[in-house]
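Source file: structure_25.pdb; contents: PDB, C-alpha atoms and all ligand atoms.
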ATOM      1  CA  MET C   1       0.000   0.000   0.000
ATOM      2  CA  VAL C   2       1.440   3.326  -1.089
ATOM      3  CA  THR C   3      -0.120   6.558   0.180
ATOM      4  CA  GLY C   4      -0.124   9.573  -2.130
ATOM      5  CA  ALA C   5       0.522   7.170  -4.996
ATOM      6  CA  SER C   6      -0.670   9.570  -7.691
ATOM      7  CA  GLY C   7       2.361  11.787  -6.995
ATOM      8  CA  THR C   8       5.864  11.643  -8.450
ATOM      9  CA  ILE C   9       7.698   9.523  -5.852
ATOM     10  CA  GLY C  10       4.600   7.530  -4.815
ATOM     11  CA  SER C  11       3.833   6.443  -8.366
ATOM     12  CA  ALA C  12       7.452   5.392  -8.935
ATOM     13  CA  ALA C  13       7.379   3.383  -5.691
ATOM     14  CA  ALA C  14       4.075   1.740  -6.662
ATOM     15  CA  ARG C  15       5.360   0.818 -10.126
ATOM     16  CA  THR C  16       8.604  -0.595  -8.715
ATOM     17  CA  LEU C  17       6.859  -2.676  -6.029
ATOM     18  CA  ALA C  18       4.435  -3.990  -8.664
ATOM     19  CA  GLU C  19       7.346  -4.952 -10.940
ATOM     20  CA  LEU C  20       8.768  -6.947  -8.030
ATOM     21  CA  GLY C  21       5.506  -8.868  -7.716
ATOM     22  CA  ALA C  22       3.512  -6.964  -5.116
ATOM     23  CA  THR C  23      -0.180  -6.329  -5.561
ATOM     24  CA  VAL C  24      -0.254  -2.609  -4.983
ATOM     25  CA  VAL C  25      -2.994  -0.522  -3.413
ATOM     26  CA  LEU C  26      -2.597   2.998  -4.741
ATOM     27  CA  ASN C  27      -3.981   5.595  -2.377
ATOM     28  CA  TYR C  28      -4.858   9.067  -3.590
ATOM     29  CA  ASN C  29      -6.963  11.883  -2.171
ATOM     30  CA  ARG C  30      -7.344  14.116  -5.234
ATOM     31  CA  ASN C  31      -6.578  13.510  -8.888
ATOM     32  CA  PRO C  32      -8.438  10.222  -9.573
ATOM     33  CA  ASP C  33      -7.414  10.435 -13.251
ATOM     34  CA  GLY C  34      -3.724  10.485 -12.348
ATOM     35  CA  ALA C  35      -4.128   7.504 -10.015
ATOM     36  CA  GLU C  36      -6.174   5.591 -12.614
ATOM     37  CA  ALA C  37      -3.483   6.211 -15.247
ATOM     38  CA  ILE C  38      -0.774   4.822 -12.964
ATOM     39  CA  ALA C  39      -2.891   1.773 -12.093
ATOM     40  CA  GLY C  40      -3.519   1.271 -15.823
ATOM     41  CA  ALA C  41       0.206   1.401 -16.597
ATOM     42  CA  ILE C  42       0.951  -1.140 -13.853
ATOM     43  CA  ARG C  43      -1.763  -3.497 -15.161
ATOM     44  CA  GLN C  44      -0.580  -3.093 -18.733
ATOM     45  CA  ALA C  45       2.892  -4.170 -17.626
ATOM     46  CA  GLY C  46       1.370  -7.326 -16.127
ATOM     47  CA  GLY C  47       1.171  -6.101 -12.528
ATOM     48  CA  ARG C  48      -1.739  -5.934 -10.115
ATOM     49  CA  ALA C  49      -3.025  -2.608  -8.814
ATOM     50  CA  GLU C  50      -6.070  -1.469  -6.829
ATOM     51  CA  LEU C  51      -7.170   2.095  -6.186
ATOM     52  CA  CYS C  52      -8.381   3.561  -2.925
ATOM     53  CA  ALA C  53      -9.359   7.195  -2.424
ATOM     54  CA  ALA C  54      -8.799   8.329   1.161
ATOM     55  CA  ASP C  55      -7.458  11.295   3.085
ATOM     56  CA  VAL C  56      -4.684   9.787   5.223
ATOM     57  CA  SER C  57      -4.641  12.761   7.585
ATOM     58  CA  THR C  58      -7.941  11.662   9.155
ATOM     59  CA  PRO C  59      -8.526   8.553  11.288
ATOM     60  CA  GLU C  60     -11.490   7.640   9.056
ATOM     61  CA  GLY C  61      -9.345   7.872   5.915
ATOM     62  CA  ALA C  62      -6.524   5.790   7.377
ATOM     63  CA  GLU C  63      -8.953   3.156   8.616
ATOM     64  CA  GLU C  64     -10.803   2.984   5.312
ATOM     65  CA  LEU C  65      -7.553   2.596   3.390
ATOM     66  CA  THR C  66      -6.128  -0.200   5.492
ATOM     67  CA  GLY C  67      -9.511  -1.880   5.768
ATOM     68  CA  TYR C  68      -9.790  -1.783   1.988
ATOM     69  CA  ALA C  69      -6.419  -3.489   1.516
ATOM     70  CA  VAL C  70      -7.133  -6.200   4.059
ATOM     71  CA  LYS C  71     -10.688  -6.841   2.798
ATOM     72  CA  GLN C  72      -9.802  -6.835  -0.907
ATOM     73  CA  LEU C  73      -6.523  -8.713  -0.703
ATOM     74  CA  GLY C  74      -6.652 -10.601   2.591
ATOM     75  CA  ARG C  75      -3.393  -9.209   3.947
ATOM     76  CA  LEU C  76      -1.186  -6.168   4.115
ATOM     77  CA  ASP C  77       2.585  -6.654   3.955
ATOM     78  CA  ILE C  78       4.076  -3.303   3.013
ATOM     79  CA  LEU C  79       3.028   0.233   3.874
ATOM     80  CA  VAL C  80       4.792   3.174   2.254
ATOM     81  CA  ASN C  81       3.839   6.394   4.048
ATOM     82  CA  ASN C  82       4.544   8.741   1.170
ATOM     83  CA  ALA C  83       1.665  11.247   1.148
ATOM     84  CA  GLY C  84       2.986  14.724   1.809
ATOM     85  CA  ILE C  85       2.328  18.401   1.284
ATOM     86  CA  THR C  86       4.160  21.683   1.835
ATOM     87  CA  ARG C  87       2.856  25.084   2.963
ATOM     88  CA  ASP C  88       6.058  27.119   2.985
ATOM     89  CA  GLY C  89       6.665  30.444   4.672
ATOM     90  CA  LEU C  90       8.948  32.000   7.240
ATOM     91  CA  ALA C  91       7.980  30.939  10.760
ATOM     92  CA  LEU C  92       7.209  34.515  11.817
ATOM     93  CA  ARG C  93       4.542  34.715   9.155
ATOM     94  CA  MET C  94       3.392  31.070   9.152
ATOM     95  CA  THR C  95      -0.285  30.628   9.955
ATOM     96  CA  GLU C  96      -1.464  28.030  12.410
ATOM     97  CA  SER C  97      -3.512  26.377   9.671
ATOM     98  CA  ASP C  98      -0.401  25.988   7.476
ATOM     99  CA  TRP C  99       1.395  24.433  10.425
ATOM    100  CA  ASP C 100      -1.490  22.067  11.173
ATOM    101  CA  ALA C 101      -2.106  21.028   7.561
ATOM    102  CA  VAL C 102       1.527  19.995   7.052
ATOM    103  CA  LEU C 103       1.809  18.182  10.392
ATOM    104  CA  ASP C 104      -1.538  16.438   9.840
ATOM    105  CA  THR C 105      -0.658  15.027   6.431
ATOM    106  CA  ASN C 106       3.068  14.349   6.730
ATOM    107  CA  LEU C 107       3.255  13.150  10.335
ATOM    108  CA  LYS C 108      -0.155  12.316  11.769
ATOM    109  CA  GLY C 109      -1.137  10.601   8.526
ATOM    110  CA  ALA C 110       1.857   8.266   8.812
ATOM    111  CA  PHE C 111       1.019   7.529  12.454
ATOM    112  CA  LEU C 112      -2.635   6.805  11.673
ATOM    113  CA  CYS C 113      -1.880   4.556   8.696
ATOM    114  CA  SER C 114       0.896   2.730  10.573
ATOM    115  CA  LYS C 115      -1.385   2.137  13.549
ATOM    116  CA  GLN C 116      -3.965   0.516  11.302
ATOM    117  CA  ALA C 117      -1.456  -1.420   9.192
ATOM    118  CA  LEU C 118       0.383  -2.830  12.205
ATOM    119  CA  ARG C 119      -2.618  -4.918  13.279
ATOM    120  CA  PRO C 120      -2.492  -7.307  10.295
ATOM    121  CA  MET C 121       1.321  -7.142  10.120
ATOM    122  CA  LEU C 122       1.778  -8.172  13.754
ATOM    123  CA  ARG C 123      -0.795 -10.957  13.339
ATOM    124  CA  GLN C 124       0.990 -12.407  10.288
ATOM    125  CA  ARG C 125       4.423 -11.765  11.849
ATOM    126  CA  TRP C 126       5.763 -10.077   8.747
ATOM    127  CA  GLY C 127       5.586  -6.489   7.735
ATOM    128  CA  ARG C 128       7.455  -3.538   6.293
ATOM    129  CA  ILE C 129       6.765   0.123   6.898
ATOM    130  CA  VAL C 130       8.763   2.658   4.919
ATOM    131  CA  ASN C 131       8.250   6.317   5.778
ATOM    132  CA  VAL C 132       9.137   9.008   3.272
ATOM    133  CA  SER C 133      10.861  11.675   5.336
ATOM    134  CA  SER C 134      13.147  14.337   3.844
ATOM    135  CA  VAL C 135      16.559  15.923   4.227
ATOM    136  CA  ALA C 136      14.501  18.821   5.654
ATOM    137  CA  GLY C 137      13.882  16.583   8.647
ATOM    138  CA  LEU C 138      17.624  15.993   9.046
ATOM    139  CA  VAL C 139      19.038  19.472   8.609
ATOM    140  CA  GLY C 140      16.026  21.853   8.671
ATOM    141  CA  ASN C 141      15.086  24.069   5.739
ATOM    142  CA  PRO C 142      14.527  27.818   6.102
ATOM    143  CA  GLY C 143      10.931  28.645   5.177
ATOM    144  CA  GLN C 144       9.836  25.128   6.044
ATOM    145  CA  ALA C 145       9.543  25.054   9.845
ATOM    146  CA  ASN C 146       6.305  23.047   9.582
ATOM    147  CA  TYR C 147       7.625  20.615   6.967
ATOM    148  CA  SER C 148      11.023  20.181   8.665
ATOM    149  CA  ALA C 149       9.279  19.507  11.994
ATOM    150  CA  ALA C 150       6.919  16.992  10.400
ATOM    151  CA  LYS C 151       9.733  15.170   8.590
ATOM    152  CA  ALA C 152      11.941  15.130  11.722
ATOM    153  CA  GLY C 153       8.921  13.849  13.646
ATOM    154  CA  LEU C 154       8.555  11.092  11.085
ATOM    155  CA  ILE C 155      12.113   9.985  11.879
ATOM    156  CA  GLY C 156      11.247   9.813  15.593
ATOM    157  CA  LEU C 157       8.103   7.864  14.758
ATOM    158  CA  THR C 158      10.169   5.484  12.605
ATOM    159  CA  ARG C 159      12.675   4.781  15.368
ATOM    160  CA  ALA C 160      10.076   4.359  18.127
ATOM    161  CA  LEU C 161       7.821   2.083  16.084
ATOM    162  CA  ALA C 162      10.822   0.045  14.948
ATOM    163  CA  ARG C 163      11.595  -0.785  18.594
ATOM    164  CA  GLU C 164       7.952  -1.558  19.384
ATOM    165  CA  VAL C 165       7.430  -4.133  16.634
ATOM    166  CA  ALA C 166      10.873  -5.592  15.893
ATOM    167  CA  SER C 167      10.224  -8.804  17.818
ATOM    168  CA  ARG C 168       7.319  -9.597  15.489
ATOM    169  CA  ASN C 169       9.438  -9.424  12.340
ATOM    170  CA  VAL C 170       8.007  -6.069  11.310
ATOM    171  CA  THR C 171      10.585  -3.487  10.239
ATOM    172  CA  VAL C 172      10.113   0.274  10.158
ATOM    173  CA  ASN C 173      12.557   2.440   8.223
ATOM    174  CA  ALA C 174      12.621   5.828   6.551
ATOM    175  CA  VAL C 175      14.068   7.309   3.410
ATOM    176  CA  ALA C 176      15.100  10.955   3.363
ATOM    177  CA  PRO C 177      15.141  12.219  -0.210
ATOM    178  CA  GLY C 178      16.951  15.408  -1.164
ATOM    179  CA  TYR C 179      15.909  17.320  -4.274
ATOM    180  CA  ILE C 180      13.655  15.270  -6.559
ATOM    181  CA  PRO C 181      11.824  17.457  -9.109
ATOM    182  CA  SER C 182       8.058  17.098  -8.527
ATOM    183  CA  ALA C 183       4.926  19.178  -7.885
ATOM    184  CA  ILE C 184       6.198  19.802  -4.362
ATOM    185  CA  TRP C 185       8.858  22.120  -5.864
ATOM    186  CA  ASP C 186       6.429  24.075  -8.081
ATOM    187  CA  ASP C 187       6.069  27.018  -5.697
ATOM    188  CA  VAL C 188       9.763  27.240  -4.786
ATOM    189  CA  ALA C 189      11.595  30.245  -6.281
ATOM    190  CA  GLU C 190      14.209  29.516  -8.954
ATOM    191  CA  GLU C 191      16.986  31.119  -6.846
ATOM    192  CA  ALA C 192      16.080  28.867  -3.904
ATOM    193  CA  LYS C 193      16.181  25.795  -6.173
ATOM    194  CA  ALA C 194      19.595  26.863  -7.491
ATOM    195  CA  ALA C 195      20.842  27.311  -3.914
ATOM    196  CA  VAL C 196      19.760  23.763  -3.016
ATOM    197  CA  LEU C 197      21.328  22.365  -6.170
ATOM    198  CA  ALA C 198      24.617  24.069  -5.279
ATOM    199  CA  GLN C 199      24.702  22.059  -2.029
ATOM    200  CA  ILE C 200      24.519  18.675  -3.774
ATOM    201  CA  PRO C 201      27.992  17.128  -4.186
ATOM    202  CA  MET C 202      26.773  15.006  -7.097
ATOM    203  CA  GLY C 203      25.741  18.230  -8.843
ATOM    204  CA  ARG C 204      22.308  17.048  -9.967
ATOM    205  CA  THR C 205      18.805  16.407  -8.685
ATOM    206  CA  GLY C 206      17.643  12.879  -7.916
ATOM    207  CA  THR C 207      15.106  10.852  -9.847
ATOM    208  CA  PRO C 208      11.865   9.359  -8.484
ATOM    209  CA  GLN C 209      13.246   5.946  -9.456
ATOM    210  CA  GLU C 210      16.314   6.433  -7.259
ATOM    211  CA  VAL C 211      13.990   6.927  -4.290
ATOM    212  CA  ALA C 212      11.664   4.113  -5.364
ATOM    213  CA  SER C 213      14.562   1.632  -5.586
ATOM    214  CA  ALA C 214      15.584   2.403  -1.998
ATOM    215  CA  ILE C 215      11.987   2.065  -0.806
ATOM    216  CA  ALA C 216      11.685  -1.274  -2.594
ATOM    217  CA  PHE C 217      14.904  -2.514  -1.001
ATOM    218  CA  LEU C 218      13.762  -1.568   2.511
ATOM    219  CA  ALA C 219      10.423  -3.273   1.783
ATOM    220  CA  SER C 220      12.094  -6.480   0.589
ATOM    221  CA  GLU C 221      13.102  -9.686   2.310
ATOM    222  CA  GLU C 222      16.743  -8.687   1.619
ATOM    223  CA  ALA C 223      16.374  -5.886   4.199
ATOM    224  CA  SER C 224      15.114  -8.283   6.880
ATOM    225  CA  TYR C 225      17.707  -7.249   9.539
ATOM    226  CA  ILE C 226      17.459  -3.508   8.977
ATOM    227  CA  THR C 227      15.090  -1.517  11.150
ATOM    228  CA  GLY C 228      14.864   1.969  12.636
ATOM    229  CA  GLN C 229      17.156   3.374   9.936
ATOM    230  CA  VAL C 230      17.003   6.557   7.920
ATOM    231  CA  LEU C 231      18.503   6.336   4.448
ATOM    232  CA  ALA C 232      19.310   9.698   2.858
ATOM    233  CA  ILE C 233      18.897   9.692  -0.918
ATOM    234  CA  ASP C 234      20.344  13.084  -1.613
ATOM    235  CA  GLY C 235      23.434  12.894  -3.819
ATOM    236  CA  GLY C 236      25.612  13.403  -0.757
ATOM    237  CA  MET C 237      23.914  16.634   0.403
ATOM    238  CA  THR C 238      23.681  15.705   4.075
TER     239      THR C 238
HETATM  240  N1  LIG X 301      10.283  15.793  -4.267
HETATM  241  C1  LIG X 301      11.216  15.980  -3.342
HETATM  242  O1  LIG X 301      12.252  16.627  -3.582
HETATM  243  C2  LIG X 301      11.051  15.402  -1.984
HETATM  244  C3  LIG X 301      12.140  15.460  -1.102
HETATM  245  C4  LIG X 301      12.007  14.914   0.175
HETATM  246  C5  LIG X 301      10.827  14.317   0.535
HETATM  247  N2  LIG X 301       9.782  14.275  -0.340
HETATM  248  C6  LIG X 301       8.566  13.629   0.123
HETATM  249  O2  LIG X 301       8.185  12.639  -0.806
HETATM  250  C7  LIG X 301       6.781  12.430  -0.723
HETATM  251  C8  LIG X 301       6.189  12.461  -2.113
HETATM  252  O3  LIG X 301       6.367  13.768  -2.640
HETATM  253  P1  LIG X 301       6.477  14.087  -4.208
HETATM  254  O4  LIG X 301       7.711  14.847  -4.396
HETATM  255  O5  LIG X 301       6.242  12.866  -5.018
HETATM  256  O6  LIG X 301       5.283  15.137  -4.363
HETATM  257  P2  LIG X 301       3.853  14.983  -5.044
HETATM  258  O7  LIG X 301       3.127  16.242  -4.744
HETATM  259  O8  LIG X 301       4.018  14.592  -6.456
HETATM  260  O9  LIG X 301       3.198  13.762  -4.249
HETATM  261  C9  LIG X 301       2.556  13.868  -3.014
HETATM  262  C10 LIG X 301       1.283  13.078  -3.069
HETATM  263  O10 LIG X 301       0.653  13.029  -1.767
HETATM  264  C11 LIG X 301      -0.746  13.153  -1.970
HETATM  265  N3  LIG X 301      -1.411  13.598  -0.759
HETATM  266  C12 LIG X 301      -1.315  14.817  -0.176
HETATM  267  N4  LIG X 301      -2.105  14.866   0.917
HETATM  268  C13 LIG X 301      -2.707  13.654   1.024
HETATM  269  C14 LIG X 301      -3.650  13.102   1.928
HETATM  270  N5  LIG X 301      -4.115  13.817   2.948
HETATM  271  N6  LIG X 301      -4.071  11.830   1.733
HETATM  272  C15 LIG X 301      -3.604  11.105   0.688
HETATM  273  N7  LIG X 301      -2.724  11.581  -0.212
HETATM  274  C16 LIG X 301      -2.282  12.842  -0.049
HETATM  275  C17 LIG X 301      -0.864  14.164  -3.109
HETATM  276  O11 LIG X 301      -2.149  14.102  -3.714
HETATM  277  C18 LIG X 301       0.260  13.707  -4.037
HETATM  278  O12 LIG X 301      -0.193  12.733  -4.934
HETATM  279  C19 LIG X 301       6.243  13.515   0.205
HETATM  280  O13 LIG X 301       6.060  12.988   1.506
HETATM  281  C20 LIG X 301       7.350  14.538   0.208
HETATM  282  O14 LIG X 301       7.352  15.322   1.369
HETATM  283  C21 LIG X 301       9.862  14.800  -1.582
END
Using structure tokens, write down the structure from this file.
Ligand SMILES: NC(=O)c1ccc[n+]([C@@H]2O[C@H](COP(=O)([O-])OP(=O)(O)OC[C@H]3O[C@@H](n4cnc5c(N)ncnc54)[C@H](O)[C@@H]3O)[C@@H](O)[C@H]2O)c1
Amino acid sequence: MVTGASGTIGSAAARTLAELGATVVLNYNRNPDGAEAIAGAIRQAGGRAELCAADVSTPEGAEELTGYAVKQLGRLDILVNNAGITRDGLALRMTESDWDAVLDTNLKGAFLCSKQALRPMLRQRWGRIVNVSSVAGLVGNPGQANYSAAKAGLIGLTRALAREVASRNVTVNAVAPGYIPSAIWDDVAEEAKAAVLAQIPMGRTGTPQEVASAIAFLASEEASYITGQVLAIDGGMT
């Protein structure tokens, strides 16, 4: 199950997991056409994909999503908490609603979905949760106090959950992407993008596939003894 799967990184993760044989539940909250197109592409390539509209930032949405996966498919093995939004602005001018919206989607959403997904995972004694954090959560980005706090919180959530469920063969890890061109960058000024690019030792932005490959690895049997880790995918930035 991939949340926010109609987006750039989420769709790449869904496609990659499907290529590796997973039946993928693609969650989206807006843009049904985008989600349908991704599901269609996965099916055309011989994979299996289901669609589930739900707002992960609400308990009802998280419950509906996980319930859908378990009812339709009988089990839930992998949860990728990828849904995310930004509402940038300097802290002095940031509204409470911009703070809440970002925390609700990026952090509370991951908590709510994990809470629901852990029930079947603990029962079947196998599970993988991969949280999509950000380098903003590692180093803090100016103009993104809400987003940096949410993504740092996601790292704390990852490490705490990892300890809680390790004995049941459920792993919880995070990836922390750097600069991956996507809709999330649309409102960022060109000078700010250039400044970020200048901090990347590899001298280029990352691709959605580079993030998806790391997610797929952490979700695989090969990563069975790795838990509570944060893997930066940032061209050396951090
Ligand atoms: N692109 C980057 O450079 C970058 C870097 C670090 C981390 N990330 C993180 O990667 C994740 C994916 O971002 P992206 O770059 O693909 O952006 P994106 O905007 O393409 O994808 C985000 C997706 O999340 C969905 N979403 C938002 N709120 C939701 C909700 N309440 N319920 C369900 N779905 C919801 C959106 O509809 C969208 O499809 C995000 O968590 C983002 O913070 C991105």
### Task
Could the residues that lie within 7 Å of ligand LIG 301 (chain X), counting only C-alpha atoms and all ligand atoms, be listed as a count of residues only?
37
### Message
List the spatial neighbours of Ile215 (chain C) as a VMD selection string - criterion: any atom at most 10 Å away, all atoms listed in the file, same-chain residues fewer than 6 positions off excluded.
### Response
chain C and resid 9 12 to 14 16 to 17 80 129 to 132 173 to 175 209 231
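We find CA of Val188 (chain C) and CA of Pro142 (chain C) to be spaced 11.9 Å apart.
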### Task
Spell out the residues picked by the PyMOL selection byres (((chain C and resi 22) around 10) and not hetatm) here, as JSON, numbers by chain.
{"C": [1, 14, 15, 16, 17, 18, 19, 20, 21, 23, 24, 25, 47, 48, 49, 77, 78]}
### Message
Could you tell me how far CA of Glu190 (chain C) sits from CA of Thr207 (chain C), in Å to one decimal place?
### Response
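Interatomic distance, CA of Thr207 (chain C) to CA of Glu190 (chain C): 18.7 Å.
Among the candidates C:Thr58, C:Thr171, C:Thr238, C:Thr95, the one nearest to Val196 (chain C) when counting only C-alpha atoms is C:Thr238.
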### Query
Where does the PyMOL selection byres (((chain C and resi 67) around 12) and not hetatm) land in this file, that is, which residues does it pick, as number ranges by chain?
C: 1, 25, 52, 54, 59-66, 68-76, 113, 115-120
Kindly provide, as AutoDock Vina command-line options, the centre and edge lengths (Å, one decimal) of an axis-aligned box around all atoms of region 100-110 of chain C given in the file, with 3 Å on each side.
--center_x 0.6 --center_y 15.2 --center_z 9.1 --size_x 11.4 --size_y 19.8 --size_z 11.3
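Nearest-residue note for Asn141 (chain C): choosing from C:Asp187, C:Asp98, C:Ala162, C:Gly89, the minimum distance belongs to C:Gly89, counting all atoms listed in the file.
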Select from region 50-132 of chain C every residue with an atom at most 8 Å from any atom of region 149-159 of chain C, then for each give the shortest pair of atoms and their distance in Å to one decimal, using all atoms listed in the file, rows by chain and rising number, as CSV.
residue,atom,partner,partner_atom,distance
C:Val102,CA,C:Ala150,CA,7.0
C:Leu103,CA,C:Ala150,CA,5.2
C:Asn106,CA,C:Ala150,CA,5.9
C:Leu107,CA,C:Ala150,CA,5.3
C:Ala110,CA,C:Leu154,CA,7.6
C:Phe111,CA,C:Leu157,CA,7.5
C:Asn131,CA,C:Thr158,CA,7.1
#### Entry: Residue with smallest distance to Ala53 (chain C) - pool C:Ala101, C:Val230, C:Val2, C:Ala91, counting all atoms listed in the file
C:Val2
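Rounded to one decimal, CA of Gly235 (chain C) and CA of Val139 (chain C) lie 14.7 Å from each other.
Minimum atom-to-atom distances from C:Ala192, C:Ala136, C:Ala166, C:Ala219 to Ala232 (chain C) were compared using all atoms listed in the file, and the lowest value belongs to C:Ala136.
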